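Asker: Following this line is data.pdb, made up of PDB, C-alpha atoms:
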```pdb
MODEL        1
ATOM      1  CA  MET A   1     197.685 -16.002-104.984
ATOM      2  CA  ARG A   2     194.765 -13.681-104.639
ATOM      3  CA  SER A   3     191.360 -14.922-103.636
ATOM      4  CA  ILE A   4     187.949 -13.322-103.745
ATOM      5  CA  LYS A   5     186.165 -13.251-100.388
ATOM      6  CA  PRO A   6     182.805 -11.802 -99.280
ATOM      7  CA  GLY A   7     183.327  -8.464 -97.690
ATOM      8  CA  ARG A   8     183.161  -7.996 -93.961
ATOM      9  CA  GLY A   9     180.457  -5.336 -94.330
ATOM     10  CA  PRO A  10     177.933  -7.565 -96.114
ATOM     11  CA  SER A  11     178.645 -10.350 -93.630
ATOM     12  CA  MET A  12     177.947  -8.061 -90.670
ATOM     13  CA  MET A  13     174.755  -6.844 -92.361
ATOM     14  CA  GLY A  14     173.704 -10.479 -92.777
ATOM     15  CA  ALA A  15     174.351 -11.066 -89.074
ATOM     16  CA  MET A  16     172.209  -8.095 -88.085
ATOM     17  CA  GLY A  17     169.420  -9.165 -90.454
ATOM     18  CA  SER A  18     169.485 -12.636 -88.919
ATOM     19  CA  VAL A  19     169.172 -11.184 -85.416
ATOM     20  CA  PHE A  20     166.104  -9.232 -86.555
ATOM     21  CA  ALA A  21     164.650 -12.426 -88.083
ATOM     22  CA  ALA A  22     165.088 -14.211 -84.744
ATOM     23  CA  ILE A  23     163.413 -11.321 -82.900
ATOM     24  CA  PHE A  24     160.563 -11.426 -85.419
ATOM     25  CA  GLY A  25     160.231 -15.163 -84.728
ATOM     26  CA  VAL A  26     159.830 -14.520 -80.983
ATOM     27  CA  ILE A  27     157.191 -11.843 -81.630
ATOM     28  CA  TRP A  28     155.427 -14.205 -84.051
ATOM     29  CA  ILE A  29     155.303 -16.992 -81.454
ATOM     30  CA  PHE A  30     153.766 -14.759 -78.776
ATOM     31  CA  ALA A  31     151.325 -13.142 -81.209
ATOM     32  CA  THR A  32     150.005 -16.424 -82.585
ATOM     33  CA  ILE A  33     149.657 -17.990 -79.138
ATOM     34  CA  SER A  34     147.825 -14.944 -77.773
ATOM     35  CA  MET A  35     145.412 -14.965 -80.731
ATOM     36  CA  GLY A  36     144.637 -18.640 -80.278
ATOM     37  CA  ALA A  37     145.932 -19.657 -83.704
ATOM     38  CA  PRO A  38     146.239 -23.364 -84.560
ATOM     39  CA  PHE A  39     149.291 -25.162 -83.159
ATOM     40  CA  PHE A  40     151.349 -25.099 -86.380
ATOM     41  CA  PHE A  41     151.433 -21.278 -86.619
ATOM     42  CA  PRO A  42     153.763 -20.852 -83.600
ATOM     43  CA  LEU A  43     156.033 -23.460 -85.208
ATOM     44  CA  PHE A  44     156.813 -20.957 -87.970
ATOM     45  CA  GLY A  45     158.124 -18.625 -85.278
ATOM     46  CA  ILE A  46     160.353 -21.366 -83.897
ATOM     47  CA  VAL A  47     161.767 -21.916 -87.391
ATOM     48  CA  PHE A  48     162.507 -18.167 -87.678
ATOM     49  CA  VAL A  49     164.279 -18.153 -84.314
ATOM     50  CA  VAL A  50     166.414 -21.207 -85.077
ATOM     51  CA  MET A  51     167.341 -20.032 -88.586
ATOM     52  CA  GLY A  52     168.078 -16.531 -87.289
ATOM     53  CA  ILE A  53     170.434 -17.817 -84.599
ATOM     54  CA  VAL A  54     172.299 -20.156 -86.955
ATOM     55  CA  GLN A  55     172.706 -17.553 -89.682
ATOM     56  CA  ALA A  56     173.645 -14.787 -87.236
ATOM     57  CA  ARG A  57     176.438 -16.974 -85.864
ATOM     58  CA  PHE A  58     177.675 -17.862 -89.361
ATOM     59  CA  HIS A  59     177.648 -14.264 -90.648
ATOM     60  CA  TYR A  60     179.214 -12.863 -87.466
ATOM     61  CA  LYS A  61     182.048 -15.386 -87.737
ATOM     62  CA  ASN A  62     182.590 -14.376 -91.377
ATOM     63  CA  ALA A  63     182.586 -10.691 -90.484
ATOM     64  CA  THR A  64     185.042 -10.940 -87.593
ATOM     65  CA  GLY A  65     187.097 -14.091 -88.202
ATOM     66  CA  LYS A  66     190.525 -14.142 -89.792
ATOM     67  CA  GLU A  67     189.890 -17.237 -91.869
ATOM     68  CA  ARG A  68     186.554 -16.555 -93.490
ATOM     69  CA  TYR A  69     184.738 -17.362 -96.658
ATOM     70  CA  SER A  70     183.981 -14.171 -98.554
ATOM     71  CA  VAL A  71     182.687 -13.091-101.926
ATOM     72  CA  ALA A  72     183.725  -9.472-102.524
ATOM     73  CA  ASP A  73     187.152  -8.723-100.967
ATOM     74  CA  ILE A  74     190.263  -9.557-102.969
ATOM     75  CA  VAL A  75     193.169 -10.392-100.667
ATOM     76  CA  ASP A  76     196.643 -11.877-101.063
ATOM     77  CA  ALA A  77     197.451 -15.224 -99.482
ATOM     78  CA  GLU A  78     200.035 -13.464 -97.322
ATOM     79  CA  GLU A  79     197.358 -11.114 -95.922
ATOM     80  CA  GLU A  80     194.681 -13.659 -95.186
ATOM     81  CA  PRO A  81     194.750 -17.374 -96.035
ATOM     82  CA  ASP A  82     191.873 -18.919 -97.914
ATOM     83  CA  PRO A  83     190.550 -21.916 -95.937
ATOM     84  CA  LEU A  84     189.087 -23.455 -99.091
ATOM     85  CA  ASN A  85     192.559 -23.815-100.652
ATOM     86  CA  ARG A  86     193.642 -26.146 -97.879
ATOM     87  CA  GLN A  87     190.521 -28.237 -98.338
ATOM     88  CA  PHE A  88     190.346 -28.449-102.130
ATOM     89  CA  ALA A  89     193.865 -27.758-103.424
ATOM     90  CA  GLY A  90     195.469 -30.545-101.407
ATOM     91  CA  PHE A  91     197.891 -28.402 -99.404
ATOM     92  CA  ALA A  92     198.527 -29.971 -96.008
ATOM     93  CA  GLU A  93     200.122 -26.895 -94.460
ATOM     94  CA  GLU A  94     199.608 -23.185 -95.052
ATOM     95  CA  GLU A  95     203.349 -22.754 -95.762
ATOM     96  CA  ASP A  96     203.136 -25.195 -98.689
ATOM     97  CA  PHE A  97     200.301 -23.164-100.164
ATOM     98  CA  LEU A  98     202.136 -19.867 -99.708
ATOM     99  CA  GLN A  99     205.265 -21.228-101.403
ATOM    100  CA  ASP A 100     203.193 -22.441-104.347
ATOM    101  CA  ALA A 101     201.301 -19.136-104.490
ATOM    102  CA  ASN A 102     204.543 -17.170-104.557
ATOM    103  CA  ALA A 103     205.952 -19.383-107.332
ATOM    104  CA  ALA A 104     202.981 -18.790-109.657
ATOM    105  CA  ALA A 105     201.994 -15.426-111.087
ATOM    106  CA  PHE A 106     198.373 -14.457-111.629
ATOM    107  CA  CYS A 107     196.639 -11.392-113.030
ATOM    108  CA  PRO A 108     195.359  -9.271-110.127
ATOM    109  CA  TYR A 109     192.281  -8.286-112.160
ATOM    110  CA  CYS A 110     190.971 -11.521-113.664
ATOM    111  CA  GLY A 111     193.037 -14.181-111.885
ATOM    112  CA  SER A 112     194.363 -15.919-114.993
ATOM    113  CA  PRO A 113     197.940 -17.258-114.882
ATOM    114  CA  VAL A 114     200.589 -15.018-116.452
ATOM    115  CA  ALA A 115     204.312 -15.406-117.014
ATOM    116  CA  GLU A 116     206.714 -13.440-114.819
ATOM    117  CA  ASP A 117     208.012 -11.380-117.770
ATOM    118  CA  HIS A 118     204.602 -10.352-119.178
ATOM    119  CA  LEU A 119     203.700  -6.669-119.029
ATOM    120  CA  TYR A 120     200.027  -7.221-119.903
ATOM    121  CA  CYS A 121     197.518  -9.944-119.099
ATOM    122  CA  LYS A 122     196.806 -12.181-122.107
ATOM    123  CA  LYS A 123     193.173 -12.663-121.029
ATOM    124  CA  CYS A 124     191.899  -9.221-119.930
ATOM    125  CA  GLY A 125     194.661  -7.019-121.466
ATOM    126  CA  ARG A 126     195.294  -4.905-118.373
ATOM    127  CA  ALA A 127     198.788  -3.750-117.464
ATOM    128  CA  LEU A 128     200.524  -5.845-114.833
ATOM    129  CA  SER A 129     202.467  -3.987-112.165
ATOM    130  CA  LYS A 130     205.790  -5.502-111.166
TER     131      LYS A 130
ENDMDL
END
```
In structure tokens, how does this file's structure come out?

Answerer:
Amino acid sequence: MRSIKPGRGPSMMGAMGSVFAAIFGVIWIFATISMGAPFFFPLFGIVFVVMGIVQARFHYKNATGKERYSVADIVDAEEEPDPLNRQFAGFAEEEDFLQDANAAAFCPYCGSPVAEDHLYCKKCGRALSK
């Protein structure tokens, strides 16, 4: 079964953007304290730092991890398992999922189920390669 996953490139860009947000938060904290701003202004900087660290960790794990949640890459279950299938499809082991994925045929373009002997997808009309 093929699954759509967010690409590694966008995930790494999200990680780098989060690092810059955390750096901005540190600069914000020092700038507001040095200007003598009211106490709640430096708190915004702390929020930026915390959110930046959490998101940077999440995006970096998506960009480098084998089991990741993605939105743009289309991969086969044999290449890279989809962790959401184990959680929501009720498969206890990865082997059970792979056996079920190999038994069913799906269109590689739109993901709709197709019969093994079909030459074209009944939903999108594209030719199926065998």

Asker: I'd like the interatomic distance between atom CA of Met12 of chain A and atom CA of Phe44 of chain A, to a tenth of an Å.

Answerer: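 Result for atom CA of Met12 of chain A versus atom CA of Phe44 of chain A: 24.9 Å, one decimal.
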
Asker: Would you please work out which residue, of A:Pro108, A:Pro113, A:Pro42, A:Gly125, is nearest to Phe24 of chain A when using all atoms listed in the file?

Answerer: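 Going through A:Pro108, A:Pro113, A:Pro42, A:Gly125 one by one, the smallest distance to Phe24 of chain A is for A:Pro42.
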
Asker: Which one of A:Gly65, A:Pro38, A:Gly45, A:Gly52 sits closest to Met16 of chain A if you count only C-alpha atoms?

Answerer: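 Of A:Gly65, A:Pro38, A:Gly45, A:Gly52, the one nearest Met16 of chain A, counting only C-alpha atoms, is A:Gly52.
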
Asker: So which residues fall inside 12 Å of (191.4, -12.0, -121.9) if we count only C-alpha atoms? Mind giving them as a list in words?

Answerer: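 Residues lying no farther than 12 Å from the given point: Cys107, Tyr109, Cys110, Gly111, Ser112, Pro113, Val114, Tyr120, Cys121, Lys122, Lys123, Cys124, Gly125, Arg126 and Ala127 of chain A.
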
Asker: I'd like the neighbourhood of Ala22 of chain A as a list in words, where a residue qualifies if any of its atoms comes within 10 Å (using only C-alpha atoms), though same-chain residues fewer than 4 positions away should be ignored.

Answerer: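 Final neighbour list, sorted by chain and number: Met16, Gly17, Ser18, Val26, Ile27, Trp28, Gly45, Ile46, Val47, Phe48, Val49, Val50, Met51, Gly52, Ile53, Val54, Gln55 and Ala56 of chain A.
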
Asker: To one decimal place, how far is atom CA of Asn62 of chain A from atom CA of Val19 of chain A in Å?

Answerer: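 The value is 15.0 Å.
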
Asker: Quote the spacing between atom CA of Phe39 of chain A and atom CA of Arg57 of chain A in Å to one decimal place.

Answerer: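 So the two atoms, atom CA of Phe39 of chain A and atom CA of Arg57 of chain A, lie 28.5 Å apart.
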
Asker: Residues at most 8 Å from His59 of chain A, counting all atoms listed in the file, excluding those fewer than 5 positions away in the same chain, as a PyMOL selection string?

Answerer: chain A and resi 11-12+14-15

Asker: Take the PyMOL selection byres ((chain A and resi 117) around 10), apply it to the structure above, and return the hits as a list in words.

Answerer: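 That selection, the PyMOL selection byres ((chain A and resi 117) around 10), comes back as Ala105, Val114, Ala115, Glu116, His118, Leu119, Tyr120, Leu128 and Lys130 of chain A.
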
Asker: Can you write out the residues you just picked, keeping C-alpha atoms, as a JSON list (two decimals), keeping the file's coordinate frame?

Answerer:
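Saved as selection-v8.json:
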```json
[["chain", "number", "residue", "atom", "x", "y", "z"],
["A", 105, "ALA", "CA", 201.99, -15.43, -111.09],
["A", 114, "VAL", "CA", 200.59, -15.02, -116.45],
["A", 115, "ALA", "CA", 204.31, -15.41, -117.01],
["A", 116, "GLU", "CA", 206.71, -13.44, -114.82],
["A", 118, "HIS", "CA", 204.60, -10.35, -119.18],
["A", 119, "LEU", "CA", 203.70, -6.67, -119.03],
["A", 120, "TYR", "CA", 200.03, -7.22, -119.90],
["A", 128, "LEU", "CA", 200.52, -5.84, -114.83],
["A", 130, "LYS", "CA", 205.79, -5.50, -111.17]]
```
